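S.K.: Data file entry.txt (compact mmCIF, C-alpha atoms) is appended below.
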```txt
# COMPACT_ATOMS: atom_id res chain seq x y z
CA MET A 7 5.63 -17.39 22.78
CA ASN A 8 6.43 -20.84 24.18
CA THR A 9 10.18 -21.26 23.71
CA GLN A 10 9.75 -25.04 23.78
CA GLN A 11 7.85 -24.87 20.51
CA ASN A 12 10.58 -24.34 17.95
CA PRO A 13 9.73 -26.31 14.80
CA PHE A 14 12.06 -24.32 12.56
CA GLU A 15 15.15 -24.74 14.75
CA ILE A 16 15.56 -21.05 15.50
CA ASP A 17 18.55 -20.32 17.74
CA PRO A 18 17.32 -20.37 21.37
CA ARG A 19 18.85 -16.94 21.94
CA LEU A 20 16.73 -15.54 19.12
CA MET A 21 13.66 -17.24 20.56
CA ALA A 22 14.32 -15.58 23.91
CA ALA A 23 14.76 -12.19 22.21
CA ALA A 24 11.51 -12.79 20.35
CA GLU A 25 9.67 -13.49 23.59
CA THR A 26 10.87 -10.16 24.99
CA ALA A 27 10.00 -8.32 21.76
CA GLN A 28 6.47 -9.72 21.68
CA THR A 29 5.86 -8.73 25.30
CA ALA A 30 7.02 -5.19 24.54
CA ALA A 31 4.73 -5.06 21.49
CA LYS A 32 1.53 -6.12 23.26
CA PRO A 33 0.27 -2.61 24.15
CA ARG A 34 0.44 -1.65 20.47
CA PHE A 35 -1.16 -4.94 19.48
CA GLY A 36 -4.19 -3.91 21.53
CA ILE A 37 -4.49 -0.62 19.63
CA ILE A 38 -4.15 -2.41 16.27
CA GLU A 39 -6.86 -4.90 17.20
CA GLU A 40 -9.24 -2.12 18.28
CA ILE A 41 -8.78 -0.36 14.92
CA ALA A 42 -9.40 -3.66 13.09
CA GLU A 43 -12.65 -4.15 14.99
CA PHE A 44 -13.84 -0.63 14.12
CA ASN A 45 -13.01 -1.06 10.44
CA GLY A 46 -14.46 -4.56 10.26
CA ILE A 47 -17.80 -3.31 11.53
CA LYS A 48 -17.65 -0.43 9.04
CA VAL A 49 -17.18 -2.90 6.18
CA LEU A 50 -19.96 -5.15 7.47
CA LYS A 51 -22.37 -2.21 7.63
CA ALA A 52 -21.63 -1.30 4.00
CA PHE A 53 -22.31 -4.88 2.90
CA ARG A 54 -25.63 -4.83 4.76
CA ASP A 55 -26.62 -1.34 3.58
CA HIS A 56 -26.11 -2.27 -0.08
CA HIS A 57 -27.80 -5.68 0.13
CA VAL A 58 -24.84 -7.75 -0.97
CA SER A 59 -26.16 -11.16 -2.01
CA ALA A 60 -24.85 -14.36 -3.54
CA ALA A 61 -25.98 -13.06 -6.92
CA CYS A 62 -23.33 -10.33 -6.64
CA PHE A 63 -20.61 -12.97 -6.88
CA ASN A 64 -21.63 -14.08 -10.37
CA GLY A 65 -19.31 -12.91 -13.11
CA SER A 66 -20.27 -11.31 -16.40
CA SER A 67 -18.60 -11.73 -19.78
CA GLY A 68 -18.28 -9.74 -22.97
CA TYR A 69 -19.09 -6.07 -22.51
CA GLY A 70 -20.22 -6.56 -18.93
CA TYR A 71 -23.39 -4.53 -19.26
CA ASP A 72 -25.62 -4.48 -16.14
CA ASP A 73 -23.10 -6.35 -13.98
CA MET A 74 -24.89 -6.06 -10.65
CA GLY A 75 -22.00 -7.44 -8.60
CA ARG A 76 -19.48 -5.05 -10.14
CA ASP A 77 -21.70 -2.00 -9.69
CA ARG A 78 -22.72 -2.88 -6.15
CA LEU A 79 -19.07 -3.43 -5.19
CA ASP A 80 -18.33 0.12 -6.33
CA ALA A 81 -21.10 1.39 -4.04
CA VAL A 82 -19.91 -0.69 -1.07
CA TRP A 83 -16.35 0.49 -1.63
CA ALA A 84 -17.39 4.12 -1.79
CA GLN A 85 -19.24 3.86 1.52
CA VAL A 86 -16.36 2.09 3.28
CA PHE A 87 -13.87 4.70 2.10
CA GLY A 88 -16.06 7.74 2.71
CA ALA A 89 -16.27 8.59 -1.00
CA GLU A 90 -19.02 9.62 -3.41
CA ASP A 91 -18.13 6.90 -5.91
CA ALA A 92 -15.54 4.23 -6.63
CA LEU A 93 -14.06 2.31 -9.53
CA VAL A 94 -12.98 -1.16 -8.37
CA ARG A 95 -11.73 -3.37 -11.17
CA HIS A 96 -9.61 -6.44 -11.74
CA HIS A 97 -8.55 -4.73 -14.99
CA PHE A 98 -6.00 -2.63 -13.08
CA VAL A 99 -2.74 -4.55 -13.30
CA SER A 100 -1.05 -2.75 -10.41
CA GLY A 101 -1.25 0.23 -8.10
CA THR A 102 0.90 2.19 -10.55
CA HIS A 103 -1.57 1.42 -13.33
CA ALA A 104 -4.46 2.72 -11.21
CA LEU A 105 -2.47 5.86 -10.33
CA SER A 106 -1.53 6.40 -13.98
CA THR A 107 -5.19 5.99 -14.99
CA ALA A 108 -6.22 8.61 -12.44
CA LEU A 109 -3.53 11.08 -13.52
CA PHE A 110 -4.28 10.74 -17.23
CA GLY A 111 -8.01 10.83 -16.47
CA VAL A 112 -7.89 14.15 -14.63
CA LEU A 113 -4.99 16.07 -16.23
CA ARG A 114 -5.07 17.86 -19.58
CA THR A 115 -2.55 19.67 -21.79
CA GLY A 116 -1.30 22.78 -20.01
CA ASP A 117 -2.16 21.47 -16.55
CA ARG A 118 0.35 21.19 -13.75
CA ILE A 119 0.82 18.48 -11.13
CA VAL A 120 2.71 19.22 -7.92
CA SER A 121 3.91 16.45 -5.64
CA VAL A 122 3.93 17.82 -2.08
CA THR A 123 5.61 14.76 -0.56
CA GLY A 124 8.90 15.03 -2.41
CA ALA A 125 9.83 12.74 -5.28
CA PRO A 126 7.15 10.22 -6.28
CA TYR A 127 7.59 6.46 -6.11
CA ASP A 128 10.09 5.10 -8.64
CA THR A 129 7.54 3.53 -11.00
CA LEU A 130 5.67 6.83 -11.44
CA GLU A 131 8.71 8.76 -12.65
CA GLU A 132 8.32 7.57 -16.25
CA VAL A 133 4.53 8.04 -16.12
CA ILE A 134 5.05 11.69 -15.19
CA GLY A 135 8.01 12.14 -17.54
CA ILE A 136 10.76 13.04 -15.09
CA ARG A 137 12.63 9.93 -16.19
CA GLY A 138 12.62 7.96 -19.42
CA GLU A 139 12.77 8.75 -23.11
CA LYS A 140 10.88 11.55 -24.80
CA GLY A 141 7.96 10.34 -26.87
CA ASN A 142 7.03 7.35 -24.71
CA GLY A 143 3.57 8.72 -23.94
CA SER A 144 4.26 10.25 -20.53
CA LEU A 145 2.27 13.13 -19.07
CA LYS A 146 5.14 15.40 -20.09
CA ASP A 147 4.67 14.34 -23.72
CA TYR A 148 1.07 15.51 -23.46
CA GLY A 149 2.06 18.94 -22.17
CA VAL A 150 1.52 18.37 -18.46
CA THR A 151 4.16 20.04 -16.31
CA TYR A 152 5.50 18.80 -13.00
CA GLY A 153 6.49 20.56 -9.80
CA GLN A 154 7.68 19.28 -6.47
CA CYS A 155 7.60 20.49 -2.88
CA ASP A 156 10.39 18.71 -1.07
CA LEU A 157 10.06 17.35 2.43
CA THR A 158 11.81 18.93 5.38
CA GLU A 159 15.11 17.55 6.68
CA GLU A 160 13.08 15.47 9.13
CA GLY A 161 11.18 13.87 6.24
CA ARG A 162 7.95 15.68 7.03
CA PRO A 163 5.69 17.67 4.67
CA ASP A 164 6.80 21.29 4.42
CA TYR A 165 3.50 22.85 5.44
CA ALA A 166 4.91 26.37 5.20
CA ALA A 167 6.06 25.88 1.60
CA ILE A 168 3.05 23.96 0.28
CA PRO A 169 0.67 26.95 -0.20
CA GLU A 170 3.08 28.70 -2.56
CA ALA A 171 4.17 25.50 -4.32
CA VAL A 172 0.64 24.47 -5.32
CA LYS A 173 -0.53 27.80 -6.75
CA GLY A 174 -1.92 27.16 -10.21
CA ALA A 175 -1.69 23.37 -9.93
CA LYS A 176 -4.51 21.22 -11.28
CA VAL A 177 -3.46 18.21 -9.17
CA VAL A 178 -1.85 18.23 -5.73
CA TYR A 179 -0.30 14.79 -5.38
CA ILE A 180 0.31 13.07 -2.04
CA GLN A 181 2.12 9.78 -1.55
CA ARG A 182 1.01 8.30 1.77
CA SER A 183 3.57 5.54 2.05
CA ARG A 184 7.30 6.10 2.29
CA GLY A 185 8.33 4.31 -0.92
CA TYR A 186 12.03 3.45 -0.89
CA SER A 187 12.89 6.23 1.54
CA LEU A 188 13.31 6.63 5.28
CA ARG A 189 10.68 9.31 5.74
CA PRO A 190 7.70 8.55 7.98
CA ALA A 191 4.55 7.34 6.28
CA LEU A 192 1.77 9.91 6.42
CA THR A 193 -1.10 9.51 8.83
CA VAL A 194 -4.60 10.66 7.96
CA ALA A 195 -4.04 13.64 10.27
CA ASP A 196 -0.93 14.57 8.26
CA ILE A 197 -2.96 14.40 5.05
CA ALA A 198 -5.66 16.61 6.58
CA ASP A 199 -2.98 19.22 7.34
CA ILE A 200 -1.68 19.04 3.75
CA VAL A 201 -5.22 19.49 2.41
CA LYS A 202 -5.68 22.55 4.59
CA ALA A 203 -2.36 24.06 3.47
CA ALA A 204 -3.03 23.39 -0.23
CA ARG A 205 -6.60 24.70 -0.15
CA SER A 206 -5.45 27.96 1.46
CA THR A 207 -4.11 29.13 -1.91
CA ASN A 208 -5.66 26.68 -4.38
CA PRO A 209 -9.19 25.71 -3.33
CA GLU A 210 -10.01 24.23 -6.76
CA ALA A 211 -7.08 21.81 -6.96
CA VAL A 212 -7.76 18.09 -7.21
CA ILE A 213 -6.04 16.53 -4.21
CA MET A 214 -5.01 13.01 -5.13
CA VAL A 215 -3.58 10.48 -2.66
CA ASP A 216 -1.60 7.36 -3.43
CA ASN A 217 -3.19 5.32 -0.64
CA CYS A 218 -1.19 2.12 -1.24
CA TYR A 219 -0.26 0.30 1.99
CA GLY A 220 -2.39 2.70 4.05
CA GLU A 221 -5.92 1.28 3.86
CA PHE A 222 -7.41 0.27 7.23
CA VAL A 223 -4.28 1.20 9.19
CA GLU A 224 -6.39 3.90 10.84
CA LYS A 225 -10.11 4.43 11.43
CA GLN A 226 -10.34 7.08 8.71
CA GLU A 227 -9.23 7.28 5.10
CA PRO A 228 -7.92 10.38 3.26
CA THR A 229 -11.26 10.91 1.48
CA GLU A 230 -12.78 11.59 4.89
CA VAL A 231 -10.45 14.55 5.54
CA GLY A 232 -10.70 16.38 2.22
CA ALA A 233 -8.86 14.34 -0.40
CA ASP A 234 -10.68 14.28 -3.74
CA LEU A 235 -9.31 10.94 -4.98
CA ILE A 236 -7.57 7.99 -3.36
CA ILE A 237 -5.99 5.18 -5.34
CA GLY A 238 -4.65 1.77 -4.37
CA SER A 239 -3.94 -1.83 -5.31
CA LEU A 240 -6.00 -4.90 -4.45
CA ILE A 241 -2.92 -7.08 -3.93
CA LYS A 242 -2.02 -4.81 -1.05
CA ASN A 243 -4.19 -3.96 1.98
CA ALA A 244 -7.61 -3.56 0.45
CA GLY A 245 -7.69 -6.97 -1.25
CA GLY A 246 -7.25 -8.75 2.05
CA GLY A 247 -4.95 -11.40 0.58
CA ILE A 248 -7.91 -12.80 -1.36
CA ALA A 249 -8.13 -10.67 -4.51
CA ARG A 250 -5.65 -11.96 -7.05
CA THR A 251 -5.32 -8.75 -9.03
CA GLY A 252 -6.88 -5.32 -9.44
CA GLY A 253 -7.00 -1.84 -8.06
CA TYR A 254 -9.38 0.94 -7.10
CA ILE A 255 -9.99 4.65 -7.47
CA ALA A 256 -12.42 6.30 -5.03
CA GLY A 257 -13.50 9.86 -4.40
CA LYS A 258 -15.59 12.61 -5.97
CA LYS A 259 -18.12 11.21 -8.44
CA HIS A 260 -17.23 13.42 -11.41
CA LEU A 261 -13.52 12.66 -11.00
CA VAL A 262 -14.12 8.91 -10.74
CA GLU A 263 -16.11 9.17 -13.97
CA LEU A 264 -13.16 10.83 -15.72
CA CYS A 265 -10.91 8.04 -14.49
CA ALA A 266 -13.37 5.44 -15.77
CA TYR A 267 -13.31 7.12 -19.18
CA ARG A 268 -9.53 6.66 -19.19
CA LEU A 269 -9.71 3.01 -18.10
CA THR A 270 -12.27 2.08 -20.79
CA CYS A 271 -13.27 4.85 -23.19
CA VAL A 272 -15.06 8.18 -23.21
CA GLY A 273 -18.82 7.76 -23.19
CA MET A 274 -18.73 4.23 -21.74
CA GLY A 275 -16.68 4.51 -18.57
CA LYS A 276 -18.03 2.36 -15.73
CA GLU A 277 -20.88 0.90 -17.79
CA VAL A 278 -18.61 -1.67 -19.44
CA GLY A 279 -15.96 -4.08 -18.27
CA CYS A 280 -16.88 -7.68 -17.57
CA SER A 281 -16.05 -9.01 -14.11
CA LEU A 282 -15.49 -12.61 -15.28
CA GLU A 283 -15.25 -14.61 -12.03
CA GLN A 284 -13.50 -11.95 -9.93
CA ASN A 285 -16.38 -10.39 -8.00
CA ARG A 286 -16.45 -12.89 -5.13
CA GLU A 287 -12.72 -12.52 -4.49
CA MET A 288 -12.92 -8.74 -4.38
CA TYR A 289 -15.91 -8.77 -2.02
CA LEU A 290 -14.34 -11.38 0.26
CA GLY A 291 -10.99 -9.60 0.15
CA LEU A 292 -12.55 -6.33 1.26
CA PHE A 293 -14.44 -8.13 4.02
CA MET A 294 -11.23 -9.74 5.32
CA ALA A 295 -9.01 -6.70 4.83
CA PRO A 296 -9.29 -5.07 8.29
CA GLU A 297 -8.18 -8.28 10.06
CA VAL A 298 -5.46 -9.04 7.52
CA VAL A 299 -4.10 -5.48 7.79
CA ALA A 300 -4.04 -5.93 11.58
CA ALA A 301 -1.99 -9.13 11.18
CA ALA A 302 0.43 -7.30 8.88
CA ARG A 303 0.75 -4.41 11.32
CA LYS A 304 1.41 -6.77 14.25
CA THR A 305 4.07 -8.59 12.22
CA GLY A 306 5.77 -5.27 11.49
CA VAL A 307 5.62 -4.10 15.10
CA PHE A 308 7.13 -7.39 16.26
CA ALA A 309 9.91 -7.14 13.66
CA ALA A 310 10.76 -3.60 14.74
CA GLU A 311 10.87 -4.55 18.42
CA LEU A 312 13.07 -7.58 17.71
CA PHE A 313 15.55 -5.90 15.37
CA THR A 314 15.75 -2.76 17.49
CA SER A 315 16.75 -4.97 20.41
CA LEU A 316 19.42 -6.51 18.15
CA GLY A 317 20.94 -3.11 17.43
CA TYR A 318 19.33 -2.07 14.15
CA ALA A 319 17.52 1.18 13.43
CA CYS A 320 13.88 0.54 12.49
CA LEU A 321 10.96 2.68 11.35
CA PRO A 322 8.40 3.39 12.58
CA THR A 323 9.71 3.47 16.13
CA ALA A 324 7.47 2.62 19.07
CA GLU A 325 6.83 6.33 19.61
CA MET A 326 5.76 7.08 16.02
CA PRO A 327 2.20 6.76 14.72
CA ALA A 328 1.90 4.34 11.81
CA GLY A 329 0.57 5.52 8.46
CA ASP A 330 1.02 2.26 6.57
CA ILE A 331 1.90 -1.42 7.02
CA ILE A 332 5.57 -1.07 6.07
CA THR A 333 8.40 -1.55 8.55
CA VAL A 334 11.89 -0.42 7.54
CA LEU A 335 14.91 -2.25 8.93
CA GLN A 336 18.24 -0.57 8.22
CA LEU A 337 20.58 -3.54 7.91
CA GLY A 338 23.79 -1.74 6.97
CA SER A 339 25.17 -3.84 4.10
CA ALA A 340 24.14 -5.55 0.89
CA GLU A 341 25.13 -8.89 2.44
CA ALA A 342 22.89 -8.43 5.47
CA LEU A 343 20.03 -7.18 3.29
CA THR A 344 20.32 -10.20 0.99
CA ALA A 345 20.48 -12.64 3.90
CA PHE A 346 17.39 -11.06 5.47
CA CYS A 347 15.40 -11.32 2.23
CA CYS A 348 16.52 -14.92 1.77
CA GLY A 349 15.24 -15.61 5.29
CA ILE A 350 11.86 -14.02 4.58
CA GLN A 351 11.60 -16.22 1.48
CA ALA A 352 12.58 -19.31 3.47
CA GLY A 353 9.96 -18.46 6.09
CA SER A 354 7.15 -18.19 3.54
CA PRO A 355 4.49 -20.80 2.72
CA VAL A 356 5.15 -20.71 -1.05
CA ASP A 357 8.54 -21.14 -2.78
CA SER A 358 10.32 -21.35 0.56
CA TYR A 359 13.09 -23.40 -1.09
CA VAL A 360 14.24 -20.70 -3.52
CA ALA A 361 16.70 -17.86 -2.91
CA PRO A 362 15.82 -14.37 -4.18
CA GLU A 363 18.42 -12.43 -6.15
CA ALA A 364 18.65 -8.75 -7.04
CA TRP A 365 17.66 -7.93 -10.61
CA ASP A 366 16.93 -5.04 -12.97
CA MET A 367 13.24 -4.70 -12.26
CA PRO A 368 11.19 -2.66 -14.80
CA GLY A 369 10.38 0.84 -13.57
CA TYR A 370 13.28 1.10 -11.10
CA ASP A 371 16.63 2.83 -11.55
CA SER A 372 18.67 0.37 -9.44
CA GLN A 373 18.64 -3.36 -8.88
CA VAL A 374 15.91 -4.56 -6.54
CA ILE A 375 15.74 -7.69 -4.43
CA MET A 376 12.30 -9.03 -3.61
CA ALA A 377 11.34 -11.83 -1.25
CA ALA A 378 7.75 -12.92 -1.61
CA GLY A 379 6.68 -16.50 -1.08
CA THR A 380 3.10 -15.54 -1.74
CA PHE A 381 -0.10 -17.19 -2.93
CA THR A 382 -0.59 -14.23 -5.30
CA GLY A 383 2.41 -13.06 -7.27
CA GLY A 384 3.82 -9.83 -5.85
CA ALA A 385 1.12 -9.49 -3.19
CA SER A 386 2.68 -7.28 -0.56
CA ILE A 387 -0.16 -7.72 1.92
CA GLU A 388 1.36 -11.20 2.26
CA LEU A 389 4.68 -11.48 4.09
CA SER A 390 7.29 -9.99 1.81
CA ALA A 391 10.37 -7.83 1.84
CA ASP A 392 12.01 -5.84 -0.90
CA ALA A 393 14.70 -3.23 -1.27
CA PRO A 394 16.87 -1.45 -3.80
CA ILE A 395 20.50 -2.54 -3.54
CA ARG A 396 21.81 0.84 -2.49
CA ALA A 397 22.69 2.63 0.75
CA PRO A 398 21.39 2.56 3.47
CA PHE A 399 20.58 -1.09 2.56
CA ALA A 400 17.18 -0.96 4.22
CA ALA A 401 14.70 -3.81 3.97
CA TYR A 402 11.08 -2.77 3.47
CA LEU A 403 9.03 -5.41 5.24
CA GLN A 404 5.31 -5.65 4.70
CA GLY A 405 2.47 -8.06 5.06
CA GLY A 406 1.73 -11.21 6.93
CA LEU A 407 -1.67 -12.80 6.35
CA THR A 408 -1.60 -14.09 9.93
CA TYR A 409 0.49 -12.85 12.80
CA PRO A 410 1.91 -16.28 13.89
CA THR A 411 3.23 -17.06 10.41
CA GLY A 412 4.49 -13.51 9.95
CA LYS A 413 6.34 -13.71 13.24
CA TYR A 414 8.10 -16.94 12.29
CA GLY A 415 8.97 -15.51 8.89
CA VAL A 416 10.75 -12.63 10.64
CA LEU A 417 12.51 -15.07 12.95
CA THR A 418 13.67 -17.12 9.98
CA ALA A 419 15.14 -13.97 8.43
CA ALA A 420 17.04 -13.20 11.64
CA GLN A 421 18.25 -16.82 11.76
CA LYS A 422 19.63 -16.57 8.21
CA MET A 423 21.56 -13.45 9.17
CA LEU A 424 22.89 -15.19 12.28
CA GLU A 425 24.03 -18.23 10.31
CA ALA A 426 25.84 -15.96 7.83
CA GLY A 427 27.73 -14.23 10.64
CA LEU A 428 25.91 -10.98 9.96
CA LEU A 429 24.02 -10.67 13.24
CA SER A 430 25.37 -10.64 16.76
CA LEU A 431 23.58 -11.88 19.88
```
Would you mind giving the structure from this file in structure tokens?
M.R.:
Amino acid sequence: MNTQQNPFEIDPRLMAAAETAQTAAKPRFGIIEEIAEFNGIKVLKAFRDHHVSAACFNGSSGYGYDDMGRDRLDAVWAQVFGAEDALVRHHFVSGTHALSTALFGVLRTGDRIVSVTGAPYDTLEEVIGIRGEKGNGSLKDYGVTYGQCDLTEEGRPDYAAIPEAVKGAKVVYIQRSRGYSLRPALTVADIADIVKAARSTNPEAVIMVDNCYGEFVEKQEPTEVGADLIIGSLIKNAGGGIARTGGYIAGKKHLVELCAYRLTCVGMGKEVGCSLEQNREMYLGLFMAPEVVAAARKTGVFAAELFTSLGYACLPTAEMPAGDIITVLQLGSAEALTAFCCGIQAGSPVDSYVAPEAWDMPGYDSQVIMAAGTFTGGASIELSADAPIRAPFAAYLQGGLTYPTGKYGVLTAAQKMLEAGLLSL
């Protein structure tokens, strides 16, 4: 970084710290770029193998019968993610919606779901029925029971306890990302170990992975190490910052079909659902995703190096393997957390002039502050930061469509904290 180029009037001391942080991060940058190259070639091969053409970008209307672009995208997606089939649709309104569709598609009355990565993400609690009013249509209302295998004190899967915990379960549920916790995100190797432990006592269980924030972080995906279904959002990694909405479910063909029956209706499934004008964005987003994920990862690594040097605890540390694009910065107070998020907003290309405030966000049990000056509303593959206003007042940083803009967004956040007297140099 050239310290003479300072268009946003960042304190020179912060610029010097940033120079040091970027130098320290360069070895990991090289690893991230090598993974991006591998995954980019994998995506390119799938496009070539399935003869993607300009005709695939045309949208259908009405029922969407014989939508070539939609159906071919499913095939491309399945190949990229090492799955038998995929359901990629703009009809999914969020990652939680895709996860809910998968759960309701696979589970039946009397079945049991066991989460082996501790408590699920906040927005799934009402879907499952462990929070919320009776009679709201949760899985619990339909006679599905829930069990949980807690993580160890170190925040790792309890491999010794998993075999007993999953006995009799129809679905073994794995959340790859950390959610609003300080546990490490799961790597694909971690997921392989969970699969092995679960299958030792329950070989017929459907192993389902919430893959949000994890796509293209590594060279493999969970479906390549034994997971039966993976689910994610297109306004996170896999949409590459291009797709404006949507989600995906990928995995075993018969399970994807059940999920499609839930999304549309039994007997129609994947055969209906017009693509309107969304196909091109989903294709282009997937094509761009490996490079965009690399930019997000580099932004997070830089942020961790910088804030660690400023005295803050950050996850993942330099020694930890990354399982997702999220970097956690433990800022110590609501004031510091708010200032950081205001800085991320100010360092964004869209709505940089507004100040985020904590609010009662649907699906969460505490106020949440979200900074996201994004081209697509709520797109967390773009530079963004969010956090519940509760101890340990940790900011969950994700995204960055390009590394240079992500880096300056992080610097702007540090500058806001400095100006508020909440950061010492």
S.K.: Choose the residue, out of A:Gln181, A:Asn142, A:Thr207, A:Gln373, that has the smallest atom-to-atom separation from Ile168 (chain A); count only C-alpha atoms.
M.R.: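 Among A:Gln181, A:Asn142, A:Thr207, A:Gln373, it is A:Thr207 that comes nearest to Ile168 (chain A).
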S.K.: May I ask which of the residues A:Arg137, A:Arg114, A:Lys146, A:Lys258 is the closest one to Val177 (chain A), counting all atoms listed in the file?
M.R.: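 Distance minimum relative to Val177 (chain A) lands on A:Arg114.
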S.K.: Between A:Gln85, A:Gln351, A:Gln336, A:Ser144, which has the minimum distance to Leu188 (chain A) (counting all atoms listed in the file)?
M.R.: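 When distances to Leu188 (chain A) are compared using all atoms listed in the file, the smallest one comes from A:Gln336.
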S.K.: Take the point (10.5, 16.0, 0.2) as written in the file and pick out every residue within 9 Å of it, counting only C-alpha atoms; give the list as a PyMOL selection string.
M.R.: chain A and resi 121-125+154-159+161-164+189
S.K.: Would you mind listing what lies within 12 Å of Val86 (chain A) as a ChimeraX atom specification, with all atoms listed in the file counted and same-chain residues fewer than 3 positions away left out?
M.R.: /A:44-56,79-83,89-92,221-222,225-230,244,256-257,292-293,295-296
S.K.: Quick one: write out the picked residues with C-alpha atoms as an mmCIF file, in the coordinates of the input?
M.R.:
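As written to disk, selection27.cif reads:
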```
data_model
loop_
_atom_site.group_PDB
_atom_site.id
_atom_site.type_symbol
_atom_site.label_atom_id
_atom_site.label_comp_id
_atom_site.auth_asym_id
_atom_site.auth_seq_id
_atom_site.Cartn_x
_atom_site.Cartn_y
_atom_site.Cartn_z
ATOM 1 C CA PHE A 44 -13.840 -0.630 14.120
ATOM 2 C CA ASN A 45 -13.010 -1.060 10.440
ATOM 3 C CA GLY A 46 -14.460 -4.560 10.260
ATOM 4 C CA ILE A 47 -17.800 -3.310 11.530
ATOM 5 C CA LYS A 48 -17.650 -0.430 9.040
ATOM 6 C CA VAL A 49 -17.180 -2.900 6.180
ATOM 7 C CA LEU A 50 -19.960 -5.150 7.470
ATOM 8 C CA LYS A 51 -22.370 -2.210 7.630
ATOM 9 C CA ALA A 52 -21.630 -1.300 4.000
ATOM 10 C CA PHE A 53 -22.310 -4.880 2.900
ATOM 11 C CA ARG A 54 -25.630 -4.830 4.760
ATOM 12 C CA ASP A 55 -26.620 -1.340 3.580
ATOM 13 C CA HIS A 56 -26.110 -2.270 -0.080
ATOM 14 C CA LEU A 79 -19.070 -3.430 -5.190
ATOM 15 C CA ASP A 80 -18.330 0.120 -6.330
ATOM 16 C CA ALA A 81 -21.100 1.390 -4.040
ATOM 17 C CA VAL A 82 -19.910 -0.690 -1.070
ATOM 18 C CA TRP A 83 -16.350 0.490 -1.630
ATOM 19 C CA ALA A 89 -16.270 8.590 -1.000
ATOM 20 C CA GLU A 90 -19.020 9.620 -3.410
ATOM 21 C CA ASP A 91 -18.130 6.900 -5.910
ATOM 22 C CA ALA A 92 -15.540 4.230 -6.630
ATOM 23 C CA GLU A 221 -5.920 1.280 3.860
ATOM 24 C CA PHE A 222 -7.410 0.270 7.230
ATOM 25 C CA LYS A 225 -10.110 4.430 11.430
ATOM 26 C CA GLN A 226 -10.340 7.080 8.710
ATOM 27 C CA GLU A 227 -9.230 7.280 5.100
ATOM 28 C CA PRO A 228 -7.920 10.380 3.260
ATOM 29 C CA THR A 229 -11.260 10.910 1.480
ATOM 30 C CA GLU A 230 -12.780 11.590 4.890
ATOM 31 C CA ALA A 244 -7.610 -3.560 0.450
ATOM 32 C CA ALA A 256 -12.420 6.300 -5.030
ATOM 33 C CA GLY A 257 -13.500 9.860 -4.400
ATOM 34 C CA LEU A 292 -12.550 -6.330 1.260
ATOM 35 C CA PHE A 293 -14.440 -8.130 4.020
ATOM 36 C CA ALA A 295 -9.010 -6.700 4.830
ATOM 37 C CA PRO A 296 -9.290 -5.070 8.290
#
```
S.K.: Which polymer residues, whether protein, DNA or RNA, lie within 12 Å of the coordinate (-0.3, -9.6, -1.7) when you count all atoms listed in the file? List them as a ChimeraX atom specification, using the chain letters and numbers from the file.
M.R.: /A:100-101,218-219,239-252,291,295,298-299,302,377-391,404-407
S.K.: Would you work out the distance separating CA of Ala345 (chain A) from CA of Val416 (chain A), expressed in Å to one decimal?
M.R.: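 We find that CA of Ala345 (chain A) and CA of Val416 (chain A) lie 11.8 Å from each other.
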S.K.: Given the choices A:Ala211, A:Val223, A:Leu424, A:Ala104, which gets closest to Ile41 (chain A) if the distance is worked out from all atoms listed in the file?
M.R.: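 Using all atoms listed in the file, Ile41 (chain A) sits closest to A:Val223.
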S.K.: Would you tabulate, counting all atoms listed in the file, all residues of region 213-321 of chain A that have an atom at most 9 Å from an atom of region 66-72 of chain A, showing the closest pair of atoms and their distance in Å to one decimal, sorted by chain then ascending number, as JSON lines?
M.R.:
```
{"residue": "A:Glu277", "atom": "CA", "partner": "A:Tyr71", "partner_atom": "CA", "distance": 6.2}
{"residue": "A:Val278", "atom": "CA", "partner": "A:Gly70", "partner_atom": "CA", "distance": 5.2}
{"residue": "A:Gly279", "atom": "CA", "partner": "A:Gly70", "partner_atom": "CA", "distance": 5.0}
{"residue": "A:Cys280", "atom": "CA", "partner": "A:Gly70", "partner_atom": "CA", "distance": 3.8}
{"residue": "A:Ser281", "atom": "CA", "partner": "A:Ser66", "partner_atom": "CA", "distance": 5.3}
{"residue": "A:Leu282", "atom": "CA", "partner": "A:Ser66", "partner_atom": "CA", "distance": 5.1}
{"residue": "A:Glu283", "atom": "CA", "partner": "A:Ser66", "partner_atom": "CA", "distance": 7.4}
```
S.K.: Kindly indicate which residue among A:Val307, A:Ala419, A:Ala340, A:Val272 lies nearest to Ser358 (chain A), using all atoms listed in the file for the distances.
M.R.: A:Ala419
S.K.: My list of candidates is A:Leu235, A:Ile350, A:Ala319, A:Met376. Which is closest to Leu93 (chain A) when distances are computed with all atoms listed in the file?
M.R.: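 Using all atoms listed in the file, Leu93 (chain A) sits closest to A:Leu235.
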S.K.: In Å, rounded to a single decimal, give me how far CA of Val334 (chain A) is from CA of Ala191 (chain A).
M.R.: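 Pair CA of Ala191 (chain A) / CA of Val334 (chain A) returns 10.8 Å.
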S.K.: So that I can check the surroundings of Asn217 (chain A), please list as a list in words every protein, DNA and RNA residue that reaches within 6 Å of it, counting all atoms listed in the file and ignoring chain neighbours fewer than 3 positions away.
M.R.: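 After dropping sequence-adjacent residues, the list is Arg182, Gly220, Ile236, Ile237 and Gly238 of chain A.
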S.K.: If we count only C-alpha atoms, what is near Glu210 (chain A) at a cut-off of 10 Å, once residues fewer than 3 positions away on the same chain are taken out, given as a PyMOL selection string?
M.R.: chain A and resi 174-177+204-205+207+213
